[in-house]
Amino acid sequence: MAILSEEVIAENKEYLQLIVTLGGSKTTEVYRWTPNEITLVYQDHYQEGDEKGILENFSGTDFVERYVGEDANWEVIGEDVSVEIDGKDMKVLQVYQESDEVVGHTTKKTRYFAKDNGLVFERIEVVGDQGYISEITIDLQ
């Protein structure tokens with residue numbers, strides 16, 4: 001059983017809606033996904049009916065986290081990078097962020113986004129005493 005999975009529910013010219021399952025918990029996420037921007041604009045607990053898609057009347061523009069575009073707090077470090085996810089060759093956008101969110105440590109995050117799937121891989125490295133590396137491959141539905 002996958003611990004973390006994503007399923008694309010709906011998409012249009014501007015938005016991509018996913019149902020993200022982590023363990024037994026589900027979340028509905030919407031990304032604004034254009035040639036110049038990738039921003040997580042909606043994230044909330046999954047509610048019955050979300051699997052039918054919420055984009056038809058969606059007007060959310062709240063900023064949750066901007067990965068690409070003006071005022072993004074992530075750095076693009078690779079475009080059209082070839083990776084293999086779930087046995088599939090994919091071209092992804094690779095973004096990077098470094099922070100001090102763990103006191104006394106440096107946290108380095110790298111995320112990989114595929115146009116038709118959203119986030120497909122994440123690597124987190126906490127550098128310092130008792131640091132660690134965590135890598136998560138998203139199970140694509």
# chains A, B, ... in the order shown; residues from 1 in each chain; ligands from 1
call {"tool": "residues_around", "arguments": {"residues": "stretch 13-29 of chain A", "least_positions_apart": "4", "cutoff": "8 Å", "atoms": "only C-alpha atoms", "output": "mmCIF file with C-alpha atoms, in the first residue's frame"}}
result
data_model
loop_
_atom_site.group_PDB
_atom_site.id
_atom_site.type_symbol
_atom_site.label_atom_id
_atom_site.label_comp_id
_atom_site.auth_asym_id
_atom_site.auth_seq_id
_atom_site.Cartn_x
_atom_site.Cartn_y
_atom_site.Cartn_z
ATOM 1 C CA ALA A 2 1.357 3.417 -0.970
ATOM 2 C CA ILE A 3 1.845 5.873 1.889
ATOM 3 C CA LEU A 4 1.543 8.924 -0.372
ATOM 4 C CA SER A 5 -0.330 9.121 -3.660
ATOM 5 C CA GLU A 6 -1.765 11.759 -5.983
ATOM 6 C CA GLU A 7 -4.570 11.488 -8.472
ATOM 7 C CA VAL A 8 -5.293 14.157 -11.073
ATOM 8 C CA ILE A 9 -9.047 14.782 -10.931
ATOM 9 C CA TRP A 33 -0.193 25.900 -13.773
ATOM 10 C CA THR A 34 0.687 28.181 -16.685
ATOM 11 C CA LEU A 40 -0.364 25.911 -5.103
ATOM 12 C CA VAL A 41 -3.491 28.090 -4.822
ATOM 13 C CA TYR A 42 -5.850 25.828 -2.883
ATOM 14 C CA GLN A 43 -5.302 23.153 -0.261
ATOM 15 C CA ASP A 44 -8.008 21.828 2.026
ATOM 16 C CA HIS A 45 -9.238 18.616 3.601
ATOM 17 C CA TYR A 46 -10.910 16.384 1.037
ATOM 18 C CA GLN A 47 -14.684 16.610 1.095
ATOM 19 C CA ASP A 50 -14.250 16.718 -4.613
ATOM 20 C CA GLU A 51 -13.465 13.721 -6.815
ATOM 21 C CA GLY A 53 -13.722 18.180 -9.828
ATOM 22 C CA ILE A 54 -14.062 21.683 -8.434
ATOM 23 C CA LEU A 55 -12.502 23.603 -11.336
ATOM 24 C CA GLY A 118 1.923 17.615 -10.544
#
call {"tool": "select_by_dssp", "arguments": {"residues": "stretch 9-124 of chain A", "states": "strand (DSSP E or B)", "output": "ChimeraX atom specification"}}
result
/A:9-11,15-22,25-34,37-45,65-68,75-85,88-99,106-114,118-124
call {"tool": "residues_around", "arguments": {"residues": "A:Ser99", "least_positions_apart": "4", "cutoff": "8 Å", "atoms": "only C-alpha atoms", "output": "PyMOL selection string"}}
result
chain A and resi 106-108
call {"tool": "write_last_selection", "arguments": {"atoms": "N, CA and C atoms", "output": "PDB file, in the first residue's frame"}}
result
ATOM      1  N   THR A 106      20.438  23.153   8.303  1.00  0.00           N
ATOM      2  CA  THR A 106      20.022  23.676   7.014  1.00  0.00           C
ATOM      3  C   THR A 106      19.139  22.622   6.361  1.00  0.00           C
ATOM      4  N   THR A 107      17.982  23.038   5.895  1.00  0.00           N
ATOM      5  CA  THR A 107      17.069  22.122   5.215  1.00  0.00           C
ATOM      6  C   THR A 107      17.108  22.434   3.728  1.00  0.00           C
ATOM      7  N   LYS A 108      17.422  21.406   2.925  1.00  0.00           N
ATOM      8  CA  LYS A 108      17.482  21.538   1.473  1.00  0.00           C
ATOM      9  C   LYS A 108      16.370  20.689   0.870  1.00  0.00           C
TER      10      LYS A 108
END
call {"tool": "closest_residue", "arguments": {"among": "A:Met90, A:Val127, A:Ile136, A:Ile85", "to": "A:Val102", "atoms": "only C-alpha atoms"}}
result
A:Val127
call {"tool": "residues_around", "arguments": {"residues": "A:Trp74", "least_positions_apart": "5", "cutoff": "7 Å", "atoms": "only C-alpha atoms", "output": "PyMOL selection string"}}
result
chain A and resi 67-68+95-97
call {"tool": "write_last_selection", "arguments": {"atoms": "N, CA, C and O atoms", "output": "PDB file, in the first residue's frame"}}
result
ATOM      1  N   TYR A  67       6.044  28.038  -6.604  1.00  0.00           N
ATOM      2  CA  TYR A  67       7.265  27.325  -6.988  1.00  0.00           C
ATOM      3  C   TYR A  67       7.966  27.981  -8.172  1.00  0.00           C
ATOM      4  O   TYR A  67       9.190  27.998  -8.235  1.00  0.00           O
ATOM      5  N   VAL A  68       7.193  28.496  -9.124  1.00  0.00           N
ATOM      6  CA  VAL A  68       7.740  29.118 -10.324  1.00  0.00           C
ATOM      7  C   VAL A  68       6.941  30.373 -10.602  1.00  0.00           C
ATOM      8  O   VAL A  68       5.719  30.376 -10.471  1.00  0.00           O
ATOM      9  N   VAL A  95      12.801  22.079  -8.879  1.00  0.00           N
ATOM     10  CA  VAL A  95      12.920  23.318  -8.112  1.00  0.00           C
ATOM     11  C   VAL A  95      13.593  23.027  -6.777  1.00  0.00           C
ATOM     12  O   VAL A  95      13.531  21.912  -6.266  1.00  0.00           O
ATOM     13  N   TYR A  96      14.223  24.065  -6.218  1.00  0.00           N
ATOM     14  CA  TYR A  96      15.047  23.896  -5.016  1.00  0.00           C
ATOM     15  C   TYR A  96      14.796  25.047  -4.051  1.00  0.00           C
ATOM     16  O   TYR A  96      14.609  26.193  -4.454  1.00  0.00           O
ATOM     17  N   GLN A  97      14.826  24.701  -2.756  1.00  0.00           N
ATOM     18  CA  GLN A  97      14.693  25.711  -1.712  1.00  0.00           C
ATOM     19  C   GLN A  97      15.573  25.304  -0.535  1.00  0.00           C
ATOM     20  O   GLN A  97      15.622  24.124  -0.167  1.00  0.00           O
TER      21      GLN A  97
END
call {"tool": "atom_distance", "arguments": {"atom1": "atom CA of A:Gln94", "atom2": "atom CA of A:Phe121"}}
result
9.4 Å
